[in-house]
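K.L.:
query17.cif is reproduced below (mmCIF, C-alpha atoms).
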data_work
loop_
_atom_site.group_PDB
_atom_site.id
_atom_site.type_symbol
_atom_site.label_atom_id
_atom_site.label_comp_id
_atom_site.auth_asym_id
_atom_site.auth_seq_id
_atom_site.Cartn_x
_atom_site.Cartn_y
_atom_site.Cartn_z
ATOM 1 C CA MET A 244 153.903 110.722 -5.313
ATOM 2 C CA SER A 245 155.313 108.641 -2.534
ATOM 3 C CA LEU A 246 155.973 110.114 0.871
ATOM 4 C CA ARG A 247 158.006 108.097 3.278
ATOM 5 C CA LEU A 248 156.561 107.883 6.720
ATOM 6 C CA ASP A 249 158.850 108.061 9.703
ATOM 7 C CA ASP A 250 158.791 105.467 12.434
ATOM 8 C CA ILE A 251 156.274 107.327 14.601
ATOM 9 C CA ASP A 252 153.877 107.853 11.648
ATOM 10 C CA ARG A 253 154.144 104.175 10.922
ATOM 11 C CA ARG A 254 153.309 103.247 14.497
ATOM 12 C CA LEU A 255 150.374 105.641 14.340
ATOM 13 C CA VAL A 256 149.100 103.870 11.199
ATOM 14 C CA LEU A 257 149.442 100.490 12.908
ATOM 15 C CA ALA A 258 147.642 101.746 16.021
ATOM 16 C CA THR A 259 144.677 103.122 14.024
ATOM 17 C CA GLN A 260 144.214 100.778 11.070
ATOM 18 C CA ASP A 261 141.670 98.775 13.060
ATOM 19 C CA GLY A 262 139.924 102.018 13.990
ATOM 20 C CA LEU A 263 140.012 104.919 16.408
ATOM 21 C CA PRO A 264 139.569 104.172 20.124
ATOM 22 C CA LEU A 265 135.964 104.717 21.218
ATOM 23 C CA VAL A 266 136.816 106.788 24.283
ATOM 24 C CA PRO A 267 136.170 110.501 24.919
ATOM 25 C CA ARG A 268 139.792 111.501 24.183
ATOM 26 C CA PRO A 269 140.854 109.084 21.416
ATOM 27 C CA TYR A 270 143.974 111.018 20.402
ATOM 28 C CA HIS A 271 145.128 111.167 24.015
ATOM 29 C CA GLU A 272 144.632 107.416 24.249
ATOM 30 C CA LEU A 273 146.800 106.915 21.144
ATOM 31 C CA ALA A 274 149.410 109.264 22.594
ATOM 32 C CA THR A 275 149.624 107.113 25.712
ATOM 33 C CA GLN A 276 149.974 103.941 23.599
ATOM 34 C CA LEU A 277 152.734 105.495 21.504
ATOM 35 C CA GLY A 278 154.521 107.350 24.301
ATOM 36 C CA ILE A 279 154.232 110.773 22.641
ATOM 37 C CA ALA A 280 152.305 113.954 23.424
ATOM 38 C CA PRO A 281 148.617 114.217 22.403
ATOM 39 C CA ALA A 282 149.408 117.369 20.430
ATOM 40 C CA GLU A 283 151.942 115.421 18.394
ATOM 41 C CA VAL A 284 149.366 112.708 17.558
ATOM 42 C CA MET A 285 146.967 115.389 16.314
ATOM 43 C CA GLU A 286 149.672 117.235 14.352
ATOM 44 C CA ARG A 287 150.812 114.046 12.652
ATOM 45 C CA LEU A 288 147.247 113.070 11.728
ATOM 46 C CA LEU A 289 146.607 116.547 10.316
ATOM 47 C CA ARG A 290 149.831 116.336 8.312
ATOM 48 C CA MET A 291 148.933 112.908 6.916
ATOM 49 C CA LEU A 292 145.489 114.262 5.962
ATOM 50 C CA ALA A 293 147.062 117.264 4.228
ATOM 51 C CA ARG A 294 149.415 115.008 2.267
ATOM 52 C CA GLY A 295 146.689 112.558 1.329
ATOM 53 C CA VAL A 296 148.266 109.675 3.272
ATOM 54 C CA ILE A 297 144.928 109.702 5.099
ATOM 55 C CA ARG A 298 142.011 110.214 2.710
ATOM 56 C CA ARG A 299 139.566 111.040 5.453
ATOM 57 C CA ILE A 300 138.665 110.105 9.011
ATOM 58 C CA GLY A 301 135.208 108.672 9.451
ATOM 59 C CA ALA A 302 132.871 105.719 9.292
ATOM 60 C CA VAL A 303 132.737 103.101 6.554
ATOM 61 C CA PRO A 304 129.189 101.770 6.270
ATOM 62 C CA ASN A 305 128.445 98.263 5.162
ATOM 63 C CA HIS A 306 126.595 99.039 1.904
ATOM 64 C CA TYR A 307 124.180 96.209 2.393
ATOM 65 C CA ALA A 308 123.209 97.372 5.895
ATOM 66 C CA ILE A 309 122.407 100.910 4.708
ATOM 67 C CA GLY A 310 120.180 99.746 1.872
ATOM 68 C CA TYR A 311 122.525 99.307 -1.090
ATOM 69 C CA THR A 312 122.064 95.635 -1.734
ATOM 70 C CA ALA A 313 123.212 95.769 -5.341
ATOM 71 C CA ASN A 314 126.489 97.051 -6.644
ATOM 72 C CA GLY A 315 127.684 96.871 -10.188
ATOM 73 C CA MET A 316 131.115 97.443 -11.628
ATOM 74 C CA SER A 317 130.324 99.213 -14.890
ATOM 75 C CA VAL A 318 133.104 99.122 -17.465
ATOM 76 C CA TRP A 319 133.320 101.190 -20.635
ATOM 77 C CA ASP A 320 135.398 101.343 -23.772
ATOM 78 C CA VAL A 321 135.923 105.014 -24.582
ATOM 79 C CA PRO A 322 138.605 106.714 -26.706
ATOM 80 C CA ASP A 323 141.826 107.361 -24.776
ATOM 81 C CA GLU A 324 141.891 110.986 -25.919
ATOM 82 C CA ALA A 325 138.460 111.643 -24.362
ATOM 83 C CA ILE A 326 138.734 109.524 -21.219
ATOM 84 C CA ASP A 327 139.901 112.215 -18.794
ATOM 85 C CA GLU A 328 137.005 114.524 -19.550
ATOM 86 C CA LEU A 329 134.489 111.657 -19.508
ATOM 87 C CA GLY A 330 135.931 110.139 -16.327
ATOM 88 C CA VAL A 331 135.491 113.382 -14.408
ATOM 89 C CA ARG A 332 131.869 113.669 -15.577
ATOM 90 C CA VAL A 333 131.003 110.068 -14.728
ATOM 91 C CA GLY A 334 132.752 110.375 -11.347
ATOM 92 C CA ALA A 335 130.619 113.418 -10.530
ATOM 93 C CA LEU A 336 127.361 111.397 -10.724
ATOM 94 C CA ASP A 337 125.985 110.934 -7.217
ATOM 95 C CA PHE A 338 125.561 107.158 -7.510
ATOM 96 C CA VAL A 339 129.156 106.528 -8.614
ATOM 97 C CA THR A 340 131.502 105.937 -5.682
ATOM 98 C CA HIS A 341 134.719 105.059 -7.514
ATOM 99 C CA CYS A 342 135.773 105.962 -11.035
ATOM 100 C CA TYR A 343 139.097 105.075 -12.628
ATOM 101 C CA HIS A 344 140.997 104.875 -15.889
ATOM 102 C CA ARG A 345 142.525 101.377 -16.058
ATOM 103 C CA PRO A 346 144.378 99.576 -18.857
ATOM 104 C CA ARG A 347 142.582 97.457 -21.450
ATOM 105 C CA ARG A 348 143.590 93.787 -21.660
ATOM 106 C CA LEU A 349 143.099 92.984 -25.318
ATOM 107 C CA PRO A 350 141.689 90.892 -26.793
ATOM 108 C CA GLN A 351 139.622 89.740 -23.781
ATOM 109 C CA TRP A 352 139.013 93.115 -22.192
ATOM 110 C CA PRO A 353 138.392 96.255 -24.289
ATOM 111 C CA TYR A 354 137.225 98.448 -21.367
ATOM 112 C CA ASN A 355 139.306 101.336 -20.006
ATOM 113 C CA LEU A 356 136.869 103.283 -17.788
ATOM 114 C CA PHE A 357 135.614 101.657 -14.578
ATOM 115 C CA ALA A 358 132.774 103.132 -12.485
ATOM 116 C CA MET A 359 131.246 101.484 -9.392
ATOM 117 C CA VAL A 360 127.466 101.997 -9.240
ATOM 118 C CA HIS A 361 125.384 101.355 -6.115
ATOM 119 C CA GLY A 362 121.649 100.875 -5.758
ATOM 120 C CA SER A 363 118.897 99.084 -3.867
ATOM 121 C CA SER A 364 118.312 96.564 -6.617
ATOM 122 C CA ARG A 365 119.914 95.167 -9.700
ATOM 123 C CA ASP A 366 117.325 96.970 -11.827
ATOM 124 C CA GLU A 367 118.155 100.287 -10.214
ATOM 125 C CA VAL A 368 121.871 99.726 -10.913
ATOM 126 C CA LEU A 369 121.035 98.863 -14.521
ATOM 127 C CA ASP A 370 118.961 102.074 -14.833
ATOM 128 C CA LYS A 371 121.945 104.049 -13.615
ATOM 129 C CA VAL A 372 124.199 102.292 -16.079
ATOM 130 C CA VAL A 373 121.795 103.465 -18.799
ATOM 131 C CA ALA A 374 122.194 107.025 -17.467
ATOM 132 C CA ILE A 375 125.987 106.705 -17.785
ATOM 133 C CA ALA A 376 125.593 105.339 -21.315
ATOM 134 C CA ARG A 377 123.473 108.365 -22.185
ATOM 135 C CA LEU A 378 126.100 110.714 -20.760
ATOM 136 C CA LEU A 379 128.870 109.044 -22.779
ATOM 137 C CA GLY A 380 126.778 108.991 -25.944
ATOM 138 C CA PRO A 381 128.456 107.827 -29.148
ATOM 139 C CA LEU A 382 131.899 108.031 -27.500
ATOM 140 C CA CYS A 383 131.076 104.753 -25.763
ATOM 141 C CA ARG A 384 132.037 101.889 -28.071
ATOM 142 C CA ALA A 385 131.120 99.014 -25.752
ATOM 143 C CA HIS A 386 130.230 98.459 -22.128
ATOM 144 C CA ASP A 387 129.351 95.796 -19.590
ATOM 145 C CA VAL A 388 128.280 95.666 -15.950
ATOM 146 C CA LEU A 389 129.545 93.051 -13.530
ATOM 147 C CA PHE A 390 127.574 92.267 -10.387
ATOM 148 C CA SER A 391 129.246 90.837 -7.334
ATOM 149 C CA THR A 392 127.563 87.520 -6.770
ATOM 150 C CA GLU A 393 129.712 86.364 -3.856
ATOM 151 C CA ILE A 394 132.130 88.007 -1.424
ATOM 152 C CA LEU A 395 135.012 85.550 -1.233
ATOM 153 C CA LYS A 396 137.255 87.493 1.118
ATOM 154 C CA LYS A 397 137.129 90.907 2.725
ATOM 155 C CA THR A 398 139.782 91.881 5.225
ATOM 156 C CA GLY A 399 140.573 95.423 4.114
ATOM 157 C CA LEU A 400 143.967 96.935 3.839
ATOM 158 C CA ARG A 401 146.595 96.074 6.412
ATOM 159 C CA ILE A 402 150.223 96.895 6.786
ATOM 160 C CA GLY A 403 152.505 94.588 8.706
ATOM 161 C CA GLY A 404 153.809 95.312 12.195
ATOM 162 C CA MET B 269 123.500 87.447 3.171
ATOM 163 C CA ARG B 270 122.077 88.095 6.633
ATOM 164 C CA GLU B 271 119.308 90.615 7.214
ATOM 165 C CA PRO B 272 120.833 93.940 8.250
ATOM 166 C CA ALA B 273 120.564 95.077 11.863
ATOM 167 C CA PRO B 274 117.808 97.651 12.468
ATOM 168 C CA ILE B 275 118.927 101.264 12.766
ATOM 169 C CA ASP B 276 117.015 104.338 13.886
ATOM 170 C CA ALA B 277 116.902 107.962 12.700
ATOM 171 C CA VAL B 278 119.825 109.030 14.889
ATOM 172 C CA ASP B 279 121.956 106.161 13.560
ATOM 173 C CA ARG B 280 121.103 107.238 10.026
ATOM 174 C CA ALA B 281 122.065 110.852 10.707
ATOM 175 C CA LEU B 282 125.262 109.675 12.374
ATOM 176 C CA ILE B 283 126.277 107.519 9.403
ATOM 177 C CA ASP B 284 125.453 110.274 6.903
ATOM 178 C CA ARG B 285 127.420 112.880 8.858
ATOM 179 C CA LEU B 286 130.386 110.681 9.712
ATOM 180 C CA GLN B 287 131.501 109.358 6.331
ATOM 181 C CA GLY B 288 134.343 111.872 6.584
ATOM 182 C CA GLY B 289 135.417 114.977 8.408
ATOM 183 C CA PHE B 290 135.777 113.507 11.889
ATOM 184 C CA PRO B 291 137.410 116.311 13.908
ATOM 185 C CA ILE B 292 140.952 116.253 15.213
ATOM 186 C CA CYS B 293 140.688 117.907 18.617
ATOM 187 C CA GLU B 294 140.712 116.939 22.269
ATOM 188 C CA ARG B 295 137.076 115.779 22.490
ATOM 189 C CA PRO B 296 136.077 114.923 18.897
ATOM 190 C CA TYR B 297 133.158 112.674 19.876
ATOM 191 C CA ALA B 298 131.686 115.470 22.017
ATOM 192 C CA GLU B 299 131.900 117.794 18.993
ATOM 193 C CA VAL B 300 130.177 115.316 16.670
ATOM 194 C CA ALA B 301 127.549 114.560 19.328
ATOM 195 C CA GLY B 302 126.788 118.303 19.339
ATOM 196 C CA TRP B 303 126.171 118.253 15.559
ATOM 197 C CA LEU B 304 123.679 115.441 16.081
ATOM 198 C CA GLY B 305 122.016 116.850 19.188
ATOM 199 C CA ILE B 306 122.974 113.943 21.434
ATOM 200 C CA ASP B 307 125.589 113.665 24.156
ATOM 201 C CA GLU B 308 129.074 112.192 23.910
ATOM 202 C CA ALA B 309 128.277 109.013 25.849
ATOM 203 C CA GLU B 310 125.334 108.230 23.569
ATOM 204 C CA LEU B 311 127.431 108.764 20.448
ATOM 205 C CA LEU B 312 130.123 106.394 21.747
ATOM 206 C CA GLU B 313 127.494 103.806 22.625
ATOM 207 C CA ARG B 314 125.905 104.082 19.162
ATOM 208 C CA LEU B 315 129.218 103.838 17.330
ATOM 209 C CA GLY B 316 130.177 100.783 19.383
ATOM 210 C CA ARG B 317 126.861 99.118 18.571
ATOM 211 C CA LEU B 318 126.969 99.952 14.838
ATOM 212 C CA LEU B 319 130.451 98.430 14.650
ATOM 213 C CA ALA B 320 129.453 95.355 16.672
ATOM 214 C CA THR B 321 126.418 94.713 14.439
ATOM 215 C CA ARG B 322 128.517 95.340 11.304
ATOM 216 C CA VAL B 323 126.359 98.215 10.074
ATOM 217 C CA LEU B 324 129.716 99.993 10.016
ATOM 218 C CA THR B 325 132.692 97.982 8.870
ATOM 219 C CA ARG B 326 135.194 100.473 10.260
ATOM 220 C CA PHE B 327 135.559 103.761 12.051
ATOM 221 C CA GLY B 328 138.805 105.703 11.863
ATOM 222 C CA PRO B 329 141.364 107.048 9.392
ATOM 223 C CA MET B 330 141.182 105.743 5.803
ATOM 224 C CA PHE B 331 144.724 105.391 4.570
ATOM 225 C CA GLN B 332 145.837 105.750 0.985
ATOM 226 C CA VAL B 333 148.491 103.090 0.678
ATOM 227 C CA GLU B 334 150.116 104.588 -2.436
ATOM 228 C CA ARG B 335 150.976 107.697 -0.462
ATOM 229 C CA MET B 336 152.871 105.520 1.996
ATOM 230 C CA GLY B 337 155.062 104.037 -0.713
ATOM 231 C CA GLY B 338 152.820 100.984 -1.030
ATOM 232 C CA ALA B 339 150.664 99.723 -3.853
ATOM 233 C CA PHE B 340 147.015 98.810 -4.288
ATOM 234 C CA VAL B 341 146.063 97.010 -7.500
ATOM 235 C CA LEU B 342 142.873 95.469 -8.867
ATOM 236 C CA ALA B 343 143.450 92.135 -10.592
ATOM 237 C CA ALA B 344 141.252 89.550 -12.262
ATOM 238 C CA MET B 345 141.215 85.968 -13.477
ATOM 239 C CA ALA B 346 138.996 83.780 -15.631
ATOM 240 C CA VAL B 347 138.152 80.732 -13.515
ATOM 241 C CA ALA B 348 136.021 77.789 -14.639
ATOM 242 C CA ASP B 349 133.277 76.630 -12.247
ATOM 243 C CA ALA B 350 134.831 73.203 -11.897
ATOM 244 C CA ASP B 351 138.097 74.796 -10.783
ATOM 245 C CA TRP B 352 136.533 77.519 -8.634
ATOM 246 C CA GLN B 353 137.182 76.251 -5.085
ATOM 247 C CA ARG B 354 140.773 75.271 -5.807
ATOM 248 C CA VAL B 355 141.673 78.659 -7.317
ATOM 249 C CA ARG B 356 139.755 80.560 -4.681
ATOM 250 C CA ALA B 357 141.759 78.826 -1.945
ATOM 251 C CA VAL B 358 145.030 79.831 -3.628
ATOM 252 C CA VAL B 359 143.962 83.485 -3.948
ATOM 253 C CA ASP B 360 142.331 83.882 -0.533
ATOM 254 C CA ALA B 361 145.332 82.346 1.242
ATOM 255 C CA LEU B 362 147.583 85.269 0.318
ATOM 256 C CA PRO B 363 147.683 87.990 2.999
ATOM 257 C CA GLU B 364 148.246 90.525 0.183
ATOM 258 C CA VAL B 365 144.680 89.870 -1.056
ATOM 259 C CA ALA B 366 142.574 92.530 0.707
ATOM 260 C CA HIS B 367 139.312 91.478 -0.899
ATOM 261 C CA ASN B 368 138.122 89.027 -3.443
ATOM 262 C CA TYR B 369 134.735 89.002 -5.196
ATOM 263 C CA ARG B 370 133.007 86.812 -7.679
ATOM 264 C CA ARG B 371 131.712 89.226 -10.321
ATOM 265 C CA GLU B 372 129.689 88.208 -13.322
ATOM 266 C CA SER B 373 127.772 89.905 -16.096
ATOM 267 C CA ASP B 374 124.863 88.905 -18.279
ATOM 268 C CA ARG B 375 127.252 89.143 -21.213
ATOM 269 C CA ASN B 376 129.514 86.542 -19.685
ATOM 270 C CA SER B 377 132.442 88.874 -19.055
ATOM 271 C CA ALA B 378 135.936 87.555 -19.697
ATOM 272 C CA PHE B 379 136.955 87.561 -16.028
ATOM 273 C CA ASN B 380 134.881 86.381 -13.074
ATOM 274 C CA MET B 381 137.233 86.488 -10.070
ATOM 275 C CA TRP B 382 138.223 90.040 -9.080
ATOM 276 C CA PHE B 383 140.500 90.854 -6.195
ATOM 277 C CA VAL B 384 142.538 93.695 -4.774
ATOM 278 C CA LEU B 385 146.192 93.289 -3.887
ATOM 279 C CA ALA B 386 147.585 95.640 -1.245
ATOM 280 C CA THR B 387 151.296 95.566 -0.563
ATOM 281 C CA GLU B 388 153.865 97.788 1.067
ATOM 282 C CA SER B 389 155.896 98.167 -2.122
ATOM 283 C CA GLU B 390 155.386 98.064 -5.905
ATOM 284 C CA ALA B 391 157.594 94.982 -6.065
ATOM 285 C CA GLY B 392 155.220 93.204 -3.689
ATOM 286 C CA ILE B 393 152.437 93.329 -6.299
ATOM 287 C CA ALA B 394 154.483 91.510 -8.930
ATOM 288 C CA ALA B 395 155.566 88.915 -6.369
ATOM 289 C CA ALA B 396 151.974 88.296 -5.242
ATOM 290 C CA ILE B 397 150.786 87.925 -8.837
ATOM 291 C CA ARG B 398 153.577 85.445 -9.528
ATOM 292 C CA ARG B 399 152.618 83.380 -6.503
ATOM 293 C CA ILE B 400 148.966 83.250 -7.560
ATOM 294 C CA GLU B 401 149.907 82.279 -11.125
ATOM 295 C CA GLU B 402 152.250 79.550 -9.897
ATOM 296 C CA GLY B 403 149.764 78.276 -7.327
ATOM 297 C CA SER B 404 146.768 78.252 -9.676
ATOM 298 C CA GLY B 405 148.372 77.598 -13.056
ATOM 299 C CA LEU B 406 146.193 80.409 -14.485
ATOM 300 C CA PRO B 407 147.128 83.878 -15.720
ATOM 301 C CA VAL B 408 146.401 86.925 -13.557
ATOM 302 C CA PHE B 409 145.483 90.194 -15.293
ATOM 303 C CA ALA B 410 146.412 93.339 -13.379
ATOM 304 C CA PHE B 411 144.334 96.512 -13.726
ATOM 305 C CA PRO B 412 146.425 99.201 -12.043
ATOM 306 C CA LYS B 413 144.692 102.573 -11.927
ATOM 307 C CA LEU B 414 146.112 104.932 -14.522
ATOM 308 C CA ARG B 415 144.059 107.808 -13.234
ATOM 309 C CA GLU B 416 141.551 108.278 -10.439
ATOM 310 C CA TYR B 417 138.590 110.510 -11.258
ATOM 311 C CA PHE B 418 136.598 110.057 -8.120
ATOM 312 C CA VAL B 419 136.758 108.003 -4.938
ATOM 313 C CA GLU B 420 134.436 108.838 -2.130
ATOM 314 C CA MET B 421 131.706 107.278 -0.156
ATOM 315 C CA LYS B 422 128.740 109.534 -0.610
ATOM 316 C CA LEU B 423 125.858 107.126 -0.260
ATOM 317 C CA ALA B 424 122.941 108.391 1.797
ATOM 318 C CA VAL B 425 121.430 105.846 4.180
ATOM 319 C CA ARG B 426 118.261 104.355 2.688
ATOM 320 C CA THR B 427 117.030 101.868 5.249
#
Go ahead and render the structure in this file as structure tokens.
P.N.:
Amino acid sequence: MSLRLDDIDRRLVLATQDGLPLVPRPYHELATQLGIAPAEVMERLLRMLARGVIRRIGAVPNHYAIGYTANGMSVWDVPDEAIDELGVRVGALDFVTHCYHRPRRLPQWPYNLFAMVHGSSRDEVLDKVVAIARLLGPLCRAHDVLFSTEILKKTGLRIGG
Amino acid sequence: MREPAPIDAVDRALIDRLQGGFPICERPYAEVAGWLGIDEAELLERLGRLLATRVLTRFGPMFQVERMGGAFVLAAMAVADADWQRVRAVVDALPEVAHNYRRESDRNSAFNMWFVLATESEAGIAAAIRRIEEGSGLPVFAFPKLREYFVEMKLAVRT
């Protein structure tokens, strides 16, 4: 689903992609910047939330700073006909923050289910990967877990002005 | 990596409560401050400090680029150590690369450089991949999501 944004929505995205103003009336502040009424800023944000253009409004913690110093990208080869049911169950685990069906890249890459696992140590992440393996049971044909060993670049998502 | 900045019990409660659901109303910070039992000025001061010390990387709306007509795709490459810095420079130089991680497994996984491309159109993804392939001389493997089962930050603060 793709929903075109109008020019004012787009300006609202540009004005907030670095974050909300830290002032008592942030939506009023945005309204002043954009030259529209505060009520319109709030209505547009609510509409974008309802449509899923905005996933949520809130804080993004630095995982490392809140105690999750290890994160592993676990990848699994499961049968295509079972992946939707398995993906929902793996995604429901409280230590999995992202869970997706992605294409295999044969012959190098047989894995089609990706689940990000967070923990305080590499061993804890590996224990959780074992828990996922147990949940998948014999439907899992192969798996691996990749640890991030270096952040090369992290700027987040940006749209142009 | 650097040692994380110290945070107290109120910071922890704030981070746990504010991973989503920030209100849309005239005085949203005052409302959230009420949930936490502090006043609005203190909440603003704490948020400013947590952002400045990078305990929080962001505070505001999280946009879903696909719903804006854009595209967001995970991609990977197999890069030899001897070639690492050269290829990294090619990848990191592209503004379409939102993040780039070195990821490795004990089983010596096929790909070791993993990055996310974010562009304002589907066509932008193919163009970015072409530029990386031309610049590096190596193939790029795209892993577009076929289905999303779960995406949410739900990690409780542990420190």
K.L.:
Can you tell me, as a PyMOL selection string, which residues sit within 12 Å of (150.1, 119.9, 22.0) in the file's frame, using all atoms listed in the file?
P.N.:
(chain A and resi 270-271+274+279-287) or (chain B and resi 292-294)
K.L.:
Could you write out that same residue set with C-alpha atoms as a short mmCIF file (atom, residue, chain, number, x, y, z; two decimals), keeping the file's coordinate frame?
P.N.:
data_model
loop_
_atom_site.label_atom_id
_atom_site.label_comp_id
_atom_site.auth_asym_id
_atom_site.auth_seq_id
_atom_site.Cartn_x
_atom_site.Cartn_y
_atom_site.Cartn_z
CA TYR A 270 143.97 111.02 20.40
CA HIS A 271 145.13 111.17 24.02
CA ALA A 274 149.41 109.26 22.59
CA ILE A 279 154.23 110.77 22.64
CA ALA A 280 152.30 113.95 23.42
CA PRO A 281 148.62 114.22 22.40
CA ALA A 282 149.41 117.37 20.43
CA GLU A 283 151.94 115.42 18.39
CA VAL A 284 149.37 112.71 17.56
CA MET A 285 146.97 115.39 16.31
CA GLU A 286 149.67 117.24 14.35
CA ARG A 287 150.81 114.05 12.65
CA ILE B 292 140.95 116.25 15.21
CA CYS B 293 140.69 117.91 18.62
CA GLU B 294 140.71 116.94 22.27
#
K.L.:
Given the PyMOL selection byres ((chain B) within 7 of (chain A)) and the file above, list the residues it selects as a PyMOL selection string.
P.N.:
chain B and resi 272-273+283+286-290+292+294-295+297+312+322-332+334-337+360+366-373+378+386+388+411-422+425-427
K.L.:
Rank A:Ala385, A:Ala258, A:Val318, A:Ile251 by their smallest atom-to-atom distance to Val360 in chain A, using all atoms listed in the file, and report the top residue only.
P.N.:
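Among A:Ala385, A:Ala258, A:Val318, A:Ile251, it is A:Val318 that comes nearest to Val360 in chain A.
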K.L.:
Please tell me which residues are no farther than 6 Å from (146.9, 87.9, -3.5) in the file, counting all atoms listed in the file, and write them as a PyMOL selection string.
P.N.:
chain B and resi 359+362+364-365+385+396
K.L.:
Let's have the selection written as a PDB file, in the coordinates of the input, with C-alpha atoms.
P.N.:
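Output file part_15.pdb is given in full below:
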ATOM      1  CA  VAL B 359     143.962  83.485  -3.948  1.00  0.00           C
ATOM      2  CA  LEU B 362     147.583  85.269   0.318  1.00  0.00           C
ATOM      3  CA  GLU B 364     148.246  90.525   0.183  1.00  0.00           C
ATOM      4  CA  VAL B 365     144.680  89.870  -1.056  1.00  0.00           C
ATOM      5  CA  LEU B 385     146.192  93.289  -3.887  1.00  0.00           C
ATOM      6  CA  ALA B 396     151.974  88.296  -5.242  1.00  0.00           C
TER       7      ALA B 396
END
K.L.:
Put the listed atoms of range 403-410 of chain B in a box along x, y and z with 6 Å added on every side and give me the centre and edge lengths in Å to one decimal, as JSON.
P.N.:
{"center_x": 147.6, "center_y": 85.5, "center_z": -11.5, "size_x": 16.3, "size_y": 27.7, "size_z": 20.4}
K.L.:
Selection in question (the file shown): the PyMOL selection byres ((chain B and resi 344) around 9). Which residues does it include, as a ChimeraX atom specification?
P.N.:
/B:342-343,345-346,379-384,407-411
K.L.:
As a check of understanding, name the residues that the PyMOL selection byres ((chain B and resi 307-311) around 9) selects in the supplied structure, as a list in words.
P.N.:
Val266 and Pro267 of chain A; Leu282, Arg295, Tyr297, Ala298, Glu299, Val300, Ala301, Gly302, Leu304, Gly305, Ile306, Leu312, Glu313, Arg314, Leu315 and Gly316 of chain B
K.L.:
Distance CA of Thr321 in chain B-CA of Ala277 in chain B, one decimal place?
P.N.:
16.4 Å
K.L.:
Record the distance separating CA of Asp349 in chain B and CA of Ala361 in chain B, expressed in Å with one decimal.
P.N.:
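So the answer is 19.0 Å.
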K.L.:
Return the single residue from A:Cys383, A:Ala376, A:Asp250, A:Asp320 that is closest to Leu349 in chain A, with distances computed using all atoms listed in the file.
P.N.:
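For Leu349 in chain A, the nearest of the given residues is A:Asp320.
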K.L.:
Separation of CA of Val321 in chain A and CA of Ala348 in chain B, in Å?
P.N.:
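It comes out at 29.0 Å.
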K.L.:
Pick from B:Arg354, B:Asn376, B:Ala339, B:Val278: nearest to Gly403 in chain B, with all atoms listed in the file counted?
P.N.:
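Among the listed residues, the smallest separation from Gly403 in chain B belongs to B:Arg354.
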K.L.:
Compile the contact shell of Leu406 in chain B as a list of chain:residue names: residues with an atom at most 10 Å away, counting only C-alpha atoms, same-chain residues fewer than 4 positions apart removed.
P.N.:
B:Met345, B:Ala346, B:Val347, B:Val355, B:Ile400, B:Glu401, B:Glu402
